[in-house]
Amino acid sequence: TEYNDRDAQYQWFIEALSLRPVRIHAFSRMNFVYTVLSKRKLAWFVDQGLVEGWFDPRFPTIQGVIRRGISIAALRKYILDQVGHRGCTCLPPERRARPAPSGPMQGASRRVVNMEWDKFWAENKKVYEPASSRYMAVFRDDAVMVHLENVPAVVEVVSTPLVPKDPSRGERPLRRFNEILIEGGDAASLAEGEEVTLLRWGNCVMDRFERDASGRIVSIHARLNIGGDVRKTKKITWLANVVRSGAGAGGTGRGVSRTLFSRGMRCTRASARNASAQ
């Protein structure tokens, strides 16, 4: 490129001024499928006020993906994993003839690549997975009540690992009750008589469904089957339908409410096609 023509001059100044040697790596821009990376085109969204700014979490910028949840460690590893290959001119001459080793930090490549976002975020999951404590949650608006007929109407508090694969991370309290809430989507996927597994508890047989006028399941009558086989059953997240102590008068006190945000990328070719088709 036009920048390589200045490399020799740059190195001459470094040596003449007795400055710290700098090794220059030239690499191509990394492209993502269905994603616009042109700063000129992205600037239009900023100028029109359609986004918060260059740091908008829907933008394919460094600040954007950091706000979206990427960790610095995952971002760094992902970039370094785009390794140089045998014969790549971004490597020094003594390394170009050698096969590329298997580890990261092998140099950047000048090849034009089109990457998938799935791989990008999969790298992020590898960073957060070992360090993230496991909790369960259900969407409040479509939660379905499950009445466990053979469970006493008494709140039972047990301990469960924060990270099942790493007991050293400690434990957390888990409340059990004869009324639990499950996701509406999970309820819709079940059939009467089906046996499922309630995570961190055991198997449960769905005996009878109650539906509203539209046919939507509004409640389920079920019974625990702790000794059931968990290997081939659906795994269901759930919450005990109990009032938290100290919730205060006037509040429901049922669980801890959190708002979940889900934002897609703002500017993609796929979304542009879908918009034009409508």
# chains A, B, ... in the order shown; residues from 1 in each chain; ligands from 1

call {"tool": "residues_around", "arguments": {"residues": "Asn31 in chain A", "least_positions_apart": "2", "cutoff": "10 Å", "atoms": "only C-alpha atoms", "output": "list in words"}}
result
Ser28, Arg29, Val33, Tyr34, Thr35, Val36, Leu37, Val112, Val113, Asn114, Met115 and Glu116 of chain A

call {"tool": "select_by_dssp", "arguments": {"residues": "range 40-257 of chain A", "states": "strand (DSSP E)", "output": "VMD selection string"}}
result
chain A and resid 113 to 115 144 to 148 156 to 161 171 to 176 179 to 182 195 to 198 202 to 211 217 to 225 235 to 236 238 to 240

call {"tool": "write_last_selection", "arguments": {"atoms": "N, CA and C atoms", "output": "short mmCIF file (atom, residue, chain, number, x, y, z; two decimals), in the first residue's frame"}}
result
data_model
loop_
_atom_site.label_atom_id
_atom_site.label_comp_id
_atom_site.auth_asym_id
_atom_site.auth_seq_id
_atom_site.Cartn_x
_atom_site.Cartn_y
_atom_site.Cartn_z
N VAL A 113 -10.65 -10.86 4.54
CA VAL A 113 -11.48 -11.89 5.15
C VAL A 113 -12.85 -11.32 5.50
N ASN A 114 -13.86 -12.15 5.41
CA ASN A 114 -15.21 -11.79 5.82
C ASN A 114 -15.60 -12.70 6.98
N MET A 115 -15.64 -12.11 8.16
CA MET A 115 -15.85 -12.89 9.38
C MET A 115 -17.33 -12.91 9.76
N VAL A 144 -45.74 -18.72 33.29
CA VAL A 144 -46.84 -19.67 33.51
C VAL A 144 -46.65 -20.33 34.88
N MET A 145 -47.75 -20.37 35.66
CA MET A 145 -47.70 -20.99 36.98
C MET A 145 -47.77 -22.50 36.86
N VAL A 146 -46.91 -23.19 37.61
CA VAL A 146 -46.94 -24.64 37.69
C VAL A 146 -47.23 -25.03 39.14
N HIS A 147 -48.33 -25.77 39.34
CA HIS A 147 -48.71 -26.24 40.68
C HIS A 147 -48.18 -27.66 40.87
N LEU A 148 -47.26 -27.82 41.80
CA LEU A 148 -46.68 -29.13 42.07
C LEU A 148 -47.51 -29.80 43.16
N GLU A 156 -38.96 -24.06 51.03
CA GLU A 156 -37.75 -24.78 51.41
C GLU A 156 -36.55 -24.07 50.77
N VAL A 157 -35.54 -23.79 51.57
CA VAL A 157 -34.33 -23.13 51.08
C VAL A 157 -33.19 -24.13 51.11
N VAL A 158 -32.60 -24.36 49.95
CA VAL A 158 -31.46 -25.28 49.84
C VAL A 158 -30.29 -24.52 49.23
N SER A 159 -29.12 -25.13 49.28
CA SER A 159 -27.93 -24.53 48.68
C SER A 159 -27.62 -25.20 47.35
N THR A 160 -27.23 -24.40 46.38
CA THR A 160 -26.84 -24.92 45.07
C THR A 160 -25.58 -24.20 44.61
N PRO A 161 -24.71 -24.86 43.87
CA PRO A 161 -23.44 -24.22 43.46
C PRO A 161 -23.68 -23.00 42.57
N GLU A 171 -21.55 -21.29 46.94
CA GLU A 171 -22.95 -21.67 46.75
C GLU A 171 -23.87 -20.48 46.93
N ARG A 172 -25.11 -20.67 46.54
CA ARG A 172 -26.14 -19.64 46.71
C ARG A 172 -27.41 -20.33 47.22
N PRO A 173 -28.30 -19.59 47.89
CA PRO A 173 -29.55 -20.19 48.34
C PRO A 173 -30.53 -20.35 47.17
N LEU A 174 -31.29 -21.42 47.18
CA LEU A 174 -32.31 -21.68 46.16
C LEU A 174 -33.61 -22.03 46.87
N ARG A 175 -34.67 -21.28 46.58
CA ARG A 175 -35.96 -21.52 47.24
C ARG A 175 -36.82 -22.46 46.40
N ARG A 176 -37.47 -23.38 47.09
CA ARG A 176 -38.40 -24.30 46.46
C ARG A 176 -39.78 -24.15 47.09
N GLU A 179 -45.52 -23.91 44.23
CA GLU A 179 -45.91 -23.11 43.07
C GLU A 179 -44.64 -22.51 42.48
N ILE A 180 -44.42 -22.78 41.21
CA ILE A 180 -43.24 -22.22 40.54
C ILE A 180 -43.67 -21.56 39.24
N LEU A 181 -42.81 -20.69 38.71
CA LEU A 181 -43.06 -20.01 37.45
C LEU A 181 -42.05 -20.50 36.41
N ILE A 182 -42.56 -20.77 35.20
CA ILE A 182 -41.68 -21.15 34.10
C ILE A 182 -41.98 -20.23 32.91
N GLU A 195 -42.51 -35.64 30.75
CA GLU A 195 -41.62 -35.51 31.90
C GLU A 195 -40.45 -34.62 31.53
N VAL A 196 -40.21 -33.60 32.34
CA VAL A 196 -39.12 -32.64 32.10
C VAL A 196 -38.26 -32.57 33.35
N THR A 197 -37.16 -31.85 33.23
CA THR A 197 -36.25 -31.67 34.36
C THR A 197 -36.24 -30.22 34.79
N LEU A 198 -36.59 -29.97 36.05
CA LEU A 198 -36.46 -28.64 36.63
C LEU A 198 -35.02 -28.48 37.09
N GLY A 202 -35.03 -31.49 40.00
CA GLY A 202 -35.27 -32.87 39.60
C GLY A 202 -36.35 -32.94 38.54
N ASN A 203 -36.78 -34.14 38.23
CA ASN A 203 -37.78 -34.33 37.18
C ASN A 203 -39.19 -33.99 37.65
N CYS A 204 -40.01 -33.67 36.67
CA CYS A 204 -41.38 -33.24 36.95
C CYS A 204 -42.27 -33.72 35.81
N VAL A 205 -43.44 -34.28 36.13
CA VAL A 205 -44.38 -34.77 35.12
C VAL A 205 -45.51 -33.76 34.97
N MET A 206 -45.73 -33.28 33.74
CA MET A 206 -46.77 -32.30 33.46
C MET A 206 -48.10 -33.04 33.25
N ASP A 207 -48.96 -33.05 34.26
CA ASP A 207 -50.18 -33.85 34.21
C ASP A 207 -51.32 -33.18 33.45
N ARG A 208 -51.57 -31.89 33.73
CA ARG A 208 -52.76 -31.26 33.16
C ARG A 208 -52.52 -29.78 32.91
N PHE A 209 -52.99 -29.29 31.75
CA PHE A 209 -52.84 -27.89 31.39
C PHE A 209 -54.19 -27.17 31.51
N GLU A 210 -54.14 -25.92 31.91
CA GLU A 210 -55.32 -25.04 31.89
C GLU A 210 -55.05 -23.94 30.89
N ARG A 211 -56.00 -23.70 29.99
CA ARG A 211 -55.81 -22.74 28.90
C ARG A 211 -56.88 -21.65 28.96
N ILE A 217 -51.63 -21.53 27.31
CA ILE A 217 -51.51 -22.18 28.62
C ILE A 217 -51.33 -21.11 29.69
N VAL A 218 -52.20 -21.13 30.70
CA VAL A 218 -52.11 -20.15 31.79
C VAL A 218 -51.63 -20.79 33.09
N SER A 219 -51.81 -22.09 33.25
CA SER A 219 -51.30 -22.78 34.43
C SER A 219 -51.19 -24.27 34.14
N ILE A 220 -50.36 -24.93 34.93
CA ILE A 220 -50.09 -26.36 34.74
C ILE A 220 -50.15 -27.05 36.09
N HIS A 221 -50.77 -28.23 36.12
CA HIS A 221 -50.76 -29.07 37.30
C HIS A 221 -49.76 -30.19 37.05
N ALA A 222 -48.83 -30.35 37.97
CA ALA A 222 -47.75 -31.30 37.76
C ALA A 222 -47.37 -31.97 39.07
N ARG A 223 -46.46 -32.91 39.00
CA ARG A 223 -45.95 -33.59 40.20
C ARG A 223 -44.47 -33.90 40.01
N LEU A 224 -43.74 -33.81 41.11
CA LEU A 224 -42.32 -34.11 41.06
C LEU A 224 -42.09 -35.62 40.92
N ASN A 225 -41.03 -35.95 40.21
CA ASN A 225 -40.57 -37.34 40.09
C ASN A 225 -39.05 -37.31 40.23
N LYS A 235 -34.76 -29.47 29.69
CA LYS A 235 -34.31 -28.79 30.91
C LYS A 235 -35.02 -27.44 31.00
N ILE A 236 -35.70 -27.21 32.14
CA ILE A 236 -36.55 -26.04 32.30
C ILE A 236 -36.01 -25.16 33.43
N TRP A 238 -36.77 -22.14 36.17
CA TRP A 238 -37.98 -21.86 36.96
C TRP A 238 -37.63 -20.96 38.13
N LEU A 239 -38.65 -20.39 38.73
CA LEU A 239 -38.51 -19.61 39.96
C LEU A 239 -39.65 -19.96 40.89
N ALA A 240 -39.36 -20.06 42.19
CA ALA A 240 -40.41 -20.29 43.17
C ALA A 240 -41.29 -19.06 43.27
#

call {"tool": "closest_residue", "arguments": {"among": "A:Ala74, A:Val230, A:Ile66, A:Val51", "to": "Arg200 in chain A", "atoms": "only C-alpha atoms"}}
result
A:Val230

call {"tool": "closest_residue", "arguments": {"among": "A:Ala137, A:Leu190, A:Val22, A:Val163", "to": "Arg258 in chain A", "atoms": "only C-alpha atoms"}}
result
A:Ala137

call {"tool": "select_by_dssp", "arguments": {"residues": "range 44-78 of chain A", "states": "alpha helix (DSSP H)", "output": "PyMOL selection string"}}
result
chain A and resi 44-47+62-68+72-78

call {"tool": "write_last_selection", "arguments": {"atoms": "N, CA, C and O atoms", "output": "short mmCIF file (atom, residue, chain, number, x, y, z; two decimals), in the first residue's frame"}}
result
data_model
loop_
_atom_site.label_atom_id
_atom_site.label_comp_id
_atom_site.auth_asym_id
_atom_site.auth_seq_id
_atom_site.Cartn_x
_atom_site.Cartn_y
_atom_site.Cartn_z
N TRP A 44 -23.23 8.99 8.67
CA TRP A 44 -24.57 9.48 8.30
C TRP A 44 -25.55 9.20 9.43
O TRP A 44 -26.39 10.04 9.77
N PHE A 45 -25.48 8.02 10.05
CA PHE A 45 -26.37 7.67 11.15
C PHE A 45 -26.12 8.59 12.34
O PHE A 45 -27.06 9.00 13.04
N VAL A 46 -24.84 8.91 12.59
CA VAL A 46 -24.50 9.79 13.71
C VAL A 46 -25.01 11.19 13.43
O VAL A 46 -25.64 11.83 14.29
N ASP A 47 -24.78 11.70 12.22
CA ASP A 47 -25.19 13.06 11.87
C ASP A 47 -26.70 13.22 11.88
O ASP A 47 -27.23 14.30 12.20
N ILE A 62 -15.29 -0.20 18.05
CA ILE A 62 -14.71 -0.74 19.28
C ILE A 62 -15.53 -0.33 20.49
O ILE A 62 -15.89 -1.15 21.33
N GLN A 63 -15.85 0.97 20.57
CA GLN A 63 -16.65 1.44 21.70
C GLN A 63 -18.04 0.82 21.69
O GLN A 63 -18.61 0.53 22.74
N GLY A 64 -18.59 0.61 20.49
CA GLY A 64 -19.92 0.03 20.38
C GLY A 64 -19.97 -1.40 20.90
O GLY A 64 -20.86 -1.76 21.68
N VAL A 65 -19.04 -2.24 20.47
CA VAL A 65 -19.07 -3.64 20.90
C VAL A 65 -18.70 -3.77 22.37
O VAL A 65 -19.14 -4.71 23.04
N ILE A 66 -17.90 -2.84 22.90
CA ILE A 66 -17.59 -2.88 24.34
C ILE A 66 -18.85 -2.56 25.14
O ILE A 66 -19.15 -3.22 26.14
N ARG A 67 -19.61 -1.57 24.69
CA ARG A 67 -20.88 -1.28 25.38
C ARG A 67 -21.87 -2.42 25.22
O ARG A 67 -22.72 -2.65 26.08
N ARG A 68 -21.74 -3.15 24.13
CA ARG A 68 -22.64 -4.28 23.87
C ARG A 68 -22.28 -5.48 24.74
O ARG A 68 -23.08 -6.39 24.91
N ILE A 72 -12.51 -6.92 27.01
CA ILE A 72 -11.25 -6.54 26.40
C ILE A 72 -10.41 -7.78 26.11
O ILE A 72 -9.76 -7.89 25.07
N ALA A 73 -10.43 -8.75 27.02
CA ALA A 73 -9.64 -9.98 26.84
C ALA A 73 -10.12 -10.74 25.60
O ALA A 73 -9.31 -11.22 24.81
N ALA A 74 -11.45 -10.83 25.41
CA ALA A 74 -11.98 -11.56 24.25
C ALA A 74 -11.69 -10.80 22.96
O ALA A 74 -11.35 -11.41 21.94
N LEU A 75 -11.79 -9.48 23.00
CA LEU A 75 -11.51 -8.67 21.81
C LEU A 75 -10.05 -8.81 21.40
O LEU A 75 -9.74 -8.99 20.21
N ARG A 76 -9.18 -8.74 22.37
CA ARG A 76 -7.75 -8.87 22.08
C ARG A 76 -7.43 -10.26 21.50
O ARG A 76 -6.71 -10.37 20.50
N LYS A 77 -7.96 -11.30 22.12
CA LYS A 77 -7.67 -12.66 21.64
C LYS A 77 -8.24 -12.88 20.24
O LYS A 77 -7.62 -13.52 19.41
N TYR A 78 -9.41 -12.35 19.98
CA TYR A 78 -10.02 -12.52 18.67
C TYR A 78 -9.15 -11.90 17.58
O TYR A 78 -8.92 -12.49 16.53
#

call {"tool": "atom_distance", "arguments": {"atom1": "CA of Ser132 in chain A", "atom2": "CA of Asp118 in chain A"}}
result
19.8 Å

call {"tool": "atom_distance", "arguments": {"atom1": "CA of Pro167 in chain A", "atom2": "CA of Ser257 in chain A"}}
result
26.9 Å

call {"tool": "closest_residue", "arguments": {"among": "A:Gly184, A:Ser38, A:Pro57, A:Thr259", "to": "Asp141 in chain A", "atoms": "only C-alpha atoms"}}
result
A:Gly184

call {"tool": "atom_distance", "arguments": {"atom1": "CA of Ala143 in chain A", "atom2": "CA of Gly185 in chain A"}}
result
8.6 Å

call {"tool": "decode", "arguments": {"residues": "range 157-173 of chain A", "atoms": "N, CA and C atoms", "output": "tab-separated table (two decimals), in the first residue's frame"}}
result
chain	number	residue	atom	x	y	z
A	157	VAL	N	-35.54	-23.79	51.57
A	157	VAL	CA	-34.33	-23.13	51.08
A	157	VAL	C	-33.19	-24.13	51.11
A	158	VAL	N	-32.60	-24.36	49.95
A	158	VAL	CA	-31.46	-25.28	49.84
A	158	VAL	C	-30.29	-24.52	49.23
A	159	SER	N	-29.12	-25.13	49.28
A	159	SER	CA	-27.93	-24.53	48.68
A	159	SER	C	-27.62	-25.20	47.35
A	160	THR	N	-27.23	-24.40	46.38
A	160	THR	CA	-26.84	-24.92	45.07
A	160	THR	C	-25.58	-24.20	44.61
A	161	PRO	N	-24.71	-24.86	43.87
A	161	PRO	CA	-23.44	-24.22	43.46
A	161	PRO	C	-23.68	-23.00	42.57
A	162	LEU	N	-22.87	-21.98	42.78
A	162	LEU	CA	-22.92	-20.81	41.89
A	162	LEU	C	-22.50	-21.20	40.48
A	163	VAL	N	-21.50	-22.07	40.38
A	163	VAL	CA	-21.05	-22.59	39.09
A	163	VAL	C	-20.97	-24.11	39.23
A	164	PRO	N	-21.94	-24.85	38.68
A	164	PRO	CA	-21.97	-26.31	38.88
A	164	PRO	C	-20.66	-27.01	38.52
A	165	LYS	N	-19.95	-26.53	37.50
A	165	LYS	CA	-18.71	-27.18	37.08
A	165	LYS	C	-17.51	-26.75	37.92
A	166	ASP	N	-17.72	-25.80	38.83
A	166	ASP	CA	-16.61	-25.32	39.65
A	166	ASP	C	-17.12	-25.07	41.08
A	167	PRO	N	-17.24	-26.12	41.89
A	167	PRO	CA	-17.76	-25.97	43.26
A	167	PRO	C	-16.97	-25.00	44.12
A	168	SER	N	-15.71	-24.74	43.75
A	168	SER	CA	-14.90	-23.84	44.57
A	168	SER	C	-15.41	-22.41	44.54
A	169	ARG	N	-16.28	-22.08	43.58
A	169	ARG	CA	-16.82	-20.72	43.49
A	169	ARG	C	-17.84	-20.43	44.59
A	170	GLY	N	-18.26	-21.46	45.32
A	170	GLY	CA	-19.20	-21.24	46.41
A	170	GLY	C	-20.62	-21.63	46.03
A	171	GLU	N	-21.55	-21.29	46.94
A	171	GLU	CA	-22.95	-21.67	46.75
A	171	GLU	C	-23.87	-20.48	46.93
A	172	ARG	N	-25.11	-20.67	46.54
A	172	ARG	CA	-26.14	-19.64	46.71
A	172	ARG	C	-27.41	-20.33	47.22
A	173	PRO	N	-28.30	-19.59	47.89
A	173	PRO	CA	-29.55	-20.19	48.34
A	173	PRO	C	-30.53	-20.35	47.17
